[in-house]
Each structure stands twice: as structure tokens, then as C-alpha cells.
file final.txt (compact mmCIF, C-alpha atoms)
# COMPACT_ATOMS: atom_id res chain seq x y z
CA MET Q 419 38.86 -39.88 142.56
CA SER Q 420 37.29 -39.00 145.92
CA SER Q 421 39.09 -37.66 148.94
CA THR Q 422 38.47 -40.99 150.65
CA ALA Q 423 40.94 -42.72 148.36
CA SER Q 424 43.24 -45.14 150.12
CA PRO Q 425 46.96 -45.56 149.59
CA SER Q 426 48.10 -45.96 146.03
CA ALA Q 427 48.76 -49.72 145.83
CA LEU Q 428 46.47 -52.64 146.58
CA PHE Q 429 47.78 -56.22 146.71
CA VAL Q 430 45.27 -59.07 146.57
CA TYR Q 431 46.48 -62.63 146.90
CA TYR Q 432 44.85 -66.04 146.84
CA LYS Q 433 45.50 -69.73 146.15
CA VAL Q 434 44.80 -71.58 142.90
CA PRO Q 435 45.15 -75.37 142.53
CA HIS Q 436 48.13 -76.07 140.28
CA GLN Q 437 46.13 -78.53 138.16
CA GLU Q 438 43.54 -75.77 137.48
CA HIS Q 439 46.09 -73.11 136.46
CA ALA Q 440 45.03 -73.06 132.79
CA GLN Q 441 41.33 -72.84 133.72
CA TYR Q 442 41.92 -69.57 135.59
CA LEU Q 443 43.81 -67.78 132.81
CA PRO Q 444 40.69 -66.84 130.77
CA LYS Q 445 39.13 -65.51 133.98
CA ILE Q 446 42.14 -63.23 134.49
CA SER Q 447 41.79 -62.04 130.88
CA LEU Q 448 38.13 -61.17 131.49
CA LEU Q 449 39.06 -59.39 134.73
CA THR Q 450 41.68 -57.36 132.84
CA GLN Q 451 39.13 -56.34 130.20
CA GLU Q 452 36.56 -55.32 132.83
CA ILE Q 453 39.13 -53.27 134.74
CA GLN Q 454 40.23 -51.43 131.61
CA SER Q 455 36.59 -50.70 130.78
CA ARG Q 456 35.53 -49.50 134.25
CA TRP Q 457 38.71 -47.84 135.50
CA PRO Q 458 40.93 -46.88 132.54
CA HIS Q 459 43.56 -45.27 134.80
CA LEU Q 460 43.81 -48.20 137.21
CA ARG Q 461 46.96 -50.24 136.56
CA PHE Q 462 46.61 -53.99 137.03
CA GLN Q 463 49.13 -56.81 137.07
CA VAL Q 464 48.91 -60.49 138.08
CA MET Q 465 51.89 -62.40 139.40
CA GLN Q 466 52.44 -65.82 140.90
CA ARG Q 467 54.99 -67.37 143.20
CA PRO Q 468 57.49 -69.39 141.18
CA GLU Q 469 56.76 -72.59 143.10
CA SER Q 470 53.63 -74.42 144.19
CA SER Q 471 53.11 -75.32 147.84
CA ALA Q 472 53.48 -78.90 149.07
CA ASP Q 473 49.70 -79.33 148.77
CA GLY Q 474 49.72 -78.33 145.07
CA LEU Q 475 48.49 -74.76 145.44
CA GLU Q 476 49.88 -71.76 143.59
CA THR Q 477 49.82 -68.30 145.15
CA TRP Q 478 48.63 -65.61 142.76
CA MET Q 479 48.75 -61.88 143.43
CA GLU Q 480 46.81 -59.09 141.77
CA ILE Q 481 48.51 -55.71 142.05
CA TYR Q 482 46.48 -52.54 141.56
CA THR Q 483 47.94 -49.04 141.42
CA HIS Q 484 46.42 -45.65 140.77
CA THR Q 485 48.16 -42.30 141.03
CA GLU Q 486 45.18 -40.82 142.92
CA GLY Q 487 44.67 -43.80 145.22
CA ILE Q 488 42.11 -46.57 145.42
CA THR Q 489 38.72 -45.97 147.02
CA PRO Q 490 36.90 -48.43 149.31
CA GLU Q 491 34.20 -48.64 146.63
CA MET Q 492 36.77 -49.76 144.07
CA VAL Q 493 38.04 -52.45 146.43
CA SER Q 494 34.51 -53.74 146.98
CA ASP Q 495 33.71 -53.64 143.26
CA LEU Q 496 36.95 -55.44 142.39
CA GLN Q 497 36.19 -58.20 144.91
CA GLU Q 498 32.66 -58.67 143.57
CA LEU Q 499 33.87 -58.63 139.97
CA ALA Q 500 36.59 -61.21 140.60
CA VAL Q 501 34.20 -63.60 142.36
CA ARG Q 502 31.54 -63.12 139.66
CA LEU Q 503 34.15 -64.06 137.04
CA GLY Q 504 34.99 -67.26 138.92
CA LEU Q 505 38.19 -66.33 140.68
CA PRO Q 506 38.64 -67.61 144.25
CA ALA Q 507 36.39 -65.88 146.80
CA LYS Q 508 38.94 -66.32 149.58
CA ARG Q 509 41.18 -63.35 148.83
CA ALA Q 510 43.47 -61.46 151.19
CA SER Q 511 43.95 -57.72 150.54
CA GLU Q 512 46.62 -55.32 151.74
CA PHE Q 513 47.32 -51.66 150.99
CA PHE Q 514 50.78 -50.18 150.63
CA ILE Q 515 51.93 -46.60 150.23
CA PRO Q 516 55.22 -45.24 148.91
CA LEU Q 517 57.94 -45.16 151.51
CA ALA Q 518 58.47 -41.62 152.77
CA LEU Q 519 62.16 -40.81 152.88
CA TYR Q 520 63.01 -37.91 155.16
call {"tool": "encode", "arguments": {"input": "final.txt", "output": "C-alpha cells"}}
result
Amino acid sequence: MSSTASPSALFVYYKVPHQEHAQYLPKISLLTQEIQSRWPHLRFQVMQRPESSADGLETWMEIYTHTEGITPEMVSDLQELAVRLGLPAKRASEFFIPLALY
């Protein structure tokens, strides 16, 4: 991992139409396989909000963690991979770091 690694957790969230939920599950499986192949030490989890919005959209969140951090190149590659696999292109990303307790 390069010295330009970013904080250790990346959260990516996006909306999926509730009626298309089942159609996105195989895409998440493919994403999981690609991640394990390319970055074996990158931990990946997908979660969703328990309720849909009034307009029938579910919010899904991909959570990425790596003990040595996540590089800008990884973020770019993950975005391109997700879109190529058919996941929504409109994705919001945020980094978080462990809380420093003094």
C-alpha cells in the first residue's frame, strides 16, 4: 500500500429502486468476487437501510476497510468496476478514520 493511502474506511452509498432489488443482488456478488480477486486484503460489506423512501428507493451502502488505508487509485478503480458491473453510477463516497481518544 502506498504512502498516499487515505483513511482506513470508505463508505459508498447510492439508491436502488425497491422493485429492482433482486436484479442488483447478482451484481453485488460479482463485485464481491472482483474485489477478492484484485484486493485480497480489502474488506467489503454491503448494507441497506431497513426501509424504502416514500418514492420507493432503497439506500444501499458499500463499506470498505483496509488496515493500511485505501488509495485514491483504489477508489477510482472501485467506482469504475461498480459501474461496469451495472451498479448505479450516482454514488456518494465518504472516508472515515478511527476516532483518536486522547
call {"tool": "residues_around", "arguments": {"input": "final.txt", "residues": "segment 441-457 of chain Q", "least_positions_apart": "5", "cutoff": "7 Å", "atoms": "only C-alpha atoms", "output": "list in words"}}
result
Ala500, Leu503, Gly504 and Leu505 of chain Q
call {"tool": "residues_near_point", "arguments": {"input": "final.txt", "point": "(55.4, -68.3, 144.5)", "cutoff": "8 Å", "atoms": "only C-alpha atoms", "output": "ChimeraX atom specification"}}
result
/Q:466-470,476-478
call {"tool": "closest_residue", "arguments": {"input": "final.txt", "among": "Q:Leu428, Q:Leu519, Q:Val434, Q:Ala507", "to": "His484 of chain Q", "atoms": "all atoms listed in the file"}}
result
Q:Leu428
call {"tool": "closest_residue", "arguments": {"input": "final.txt", "among": "Q:Val493, Q:Leu460, Q:Leu517, Q:Ala510", "to": "Met479 of chain Q", "atoms": "only C-alpha atoms"}}
result
Q:Ala510
call {"tool": "closest_residue", "arguments": {"input": "final.txt", "among": "Q:His439, Q:Arg461, Q:Lys433, Q:Arg502", "to": "Glu486 of chain Q", "atoms": "only C-alpha atoms"}}
result
Q:Arg461
call {"tool": "residues_near_point", "arguments": {"input": "final.txt", "point": "(47.0, -59.9, 152.2)", "cutoff": "7 Å", "atoms": "all atoms listed in the file", "output": "VMD selection string"}}
result
chain Q and resid 429 to 431 510 to 512
call {"tool": "build_atoms", "arguments": {"input": "final.txt", "residues": "segment 463-474 of chain Q", "atoms": "all heavy atoms", "output": "CSV table (one decimal), in the frame of the given file"}}
result
chain,number,residue,atom,x,y,z
Q,463,GLN,N,48.1,-55.8,137.4
Q,463,GLN,CA,49.1,-56.8,137.1
Q,463,GLN,C,48.8,-58.1,137.9
Q,463,GLN,O,48.4,-58.0,139.1
Q,463,GLN,CB,50.5,-56.3,137.4
Q,463,GLN,CG,51.6,-57.2,137.0
Q,463,GLN,CD,53.0,-56.6,137.3
Q,463,GLN,OE1,53.1,-55.7,138.1
Q,463,GLN,NE2,54.0,-57.2,136.7
Q,464,VAL,N,49.1,-59.2,137.3
Q,464,VAL,CA,48.9,-60.5,138.1
Q,464,VAL,C,50.3,-61.2,138.1
Q,464,VAL,O,50.9,-61.3,137.0
Q,464,VAL,CB,47.8,-61.4,137.5
Q,464,VAL,CG1,47.7,-62.7,138.2
Q,464,VAL,CG2,46.5,-60.7,137.4
Q,465,MET,N,50.6,-61.7,139.3
Q,465,MET,CA,51.9,-62.4,139.4
Q,465,MET,C,51.6,-63.7,140.2
Q,465,MET,O,50.5,-63.8,140.8
Q,465,MET,CB,52.9,-61.6,140.1
Q,465,MET,CG,53.2,-60.2,139.5
Q,465,MET,SD,54.5,-59.3,140.3
Q,465,MET,CE,55.9,-60.0,139.5
Q,466,GLN,N,52.6,-64.6,140.1
Q,466,GLN,CA,52.4,-65.8,140.9
Q,466,GLN,C,53.8,-66.2,141.5
Q,466,GLN,O,54.8,-65.7,141.0
Q,466,GLN,CB,51.9,-67.0,140.1
Q,466,GLN,CG,53.0,-67.6,139.1
Q,466,GLN,CD,52.5,-68.8,138.4
Q,466,GLN,OE1,51.8,-68.6,137.4
Q,466,GLN,NE2,52.9,-69.9,138.9
Q,467,ARG,N,53.7,-66.9,142.6
Q,467,ARG,CA,55.0,-67.4,143.2
Q,467,ARG,C,55.6,-68.4,142.2
Q,467,ARG,O,54.8,-69.1,141.6
Q,467,ARG,CB,54.7,-68.0,144.6
Q,467,ARG,CG,54.5,-67.0,145.6
Q,467,ARG,CD,54.8,-67.6,147.0
Q,467,ARG,NE,54.7,-66.6,148.0
Q,467,ARG,CZ,54.0,-66.6,149.1
Q,467,ARG,NH1,53.2,-67.7,149.3
Q,467,ARG,NH2,54.0,-65.6,149.9
Q,468,PRO,N,56.9,-68.5,142.2
Q,468,PRO,CA,57.5,-69.4,141.2
Q,468,PRO,C,57.3,-70.9,141.5
Q,468,PRO,O,57.4,-71.7,140.6
Q,468,PRO,CB,59.0,-69.0,141.2
Q,468,PRO,CG,59.2,-68.3,142.5
Q,468,PRO,CD,57.9,-67.7,142.9
Q,469,GLU,N,56.9,-71.2,142.7
Q,469,GLU,CA,56.8,-72.6,143.1
Q,469,GLU,C,55.4,-72.8,143.7
Q,469,GLU,O,54.8,-71.9,144.2
Q,469,GLU,CB,57.8,-73.0,144.1
Q,469,GLU,CG,57.6,-72.4,145.5
Q,469,GLU,CD,58.0,-71.0,145.7
Q,469,GLU,OE1,58.9,-70.5,144.9
Q,469,GLU,OE2,57.5,-70.3,146.6
Q,470,SER,N,54.9,-74.0,143.6
Q,470,SER,CA,53.6,-74.4,144.2
Q,470,SER,C,53.9,-74.9,145.6
Q,470,SER,O,55.1,-75.3,145.9
Q,470,SER,CB,53.0,-75.6,143.4
Q,470,SER,OG,52.6,-75.2,142.1
Q,471,SER,N,52.9,-74.8,146.5
Q,471,SER,CA,53.1,-75.3,147.8
Q,471,SER,C,53.1,-76.8,147.8
Q,471,SER,O,52.8,-77.5,146.8
Q,471,SER,CB,52.0,-74.8,148.7
Q,471,SER,OG,50.7,-75.2,148.3
Q,472,ALA,N,53.4,-77.4,149.0
Q,472,ALA,CA,53.5,-78.9,149.1
Q,472,ALA,C,52.1,-79.5,148.8
Q,472,ALA,O,52.1,-80.7,148.3
Q,472,ALA,CB,54.0,-79.3,150.5
Q,473,ASP,N,51.0,-78.8,149.0
Q,473,ASP,CA,49.7,-79.3,148.8
Q,473,ASP,C,49.2,-79.0,147.4
Q,473,ASP,O,48.0,-79.2,147.1
Q,473,ASP,CB,48.7,-78.9,149.8
Q,473,ASP,CG,48.6,-77.4,150.0
Q,473,ASP,OD1,49.4,-76.7,149.3
Q,473,ASP,OD2,47.8,-76.9,150.8
Q,474,GLY,N,50.1,-78.5,146.5
Q,474,GLY,CA,49.7,-78.3,145.1
Q,474,GLY,C,49.0,-77.0,144.8
Q,474,GLY,O,48.3,-76.9,143.8
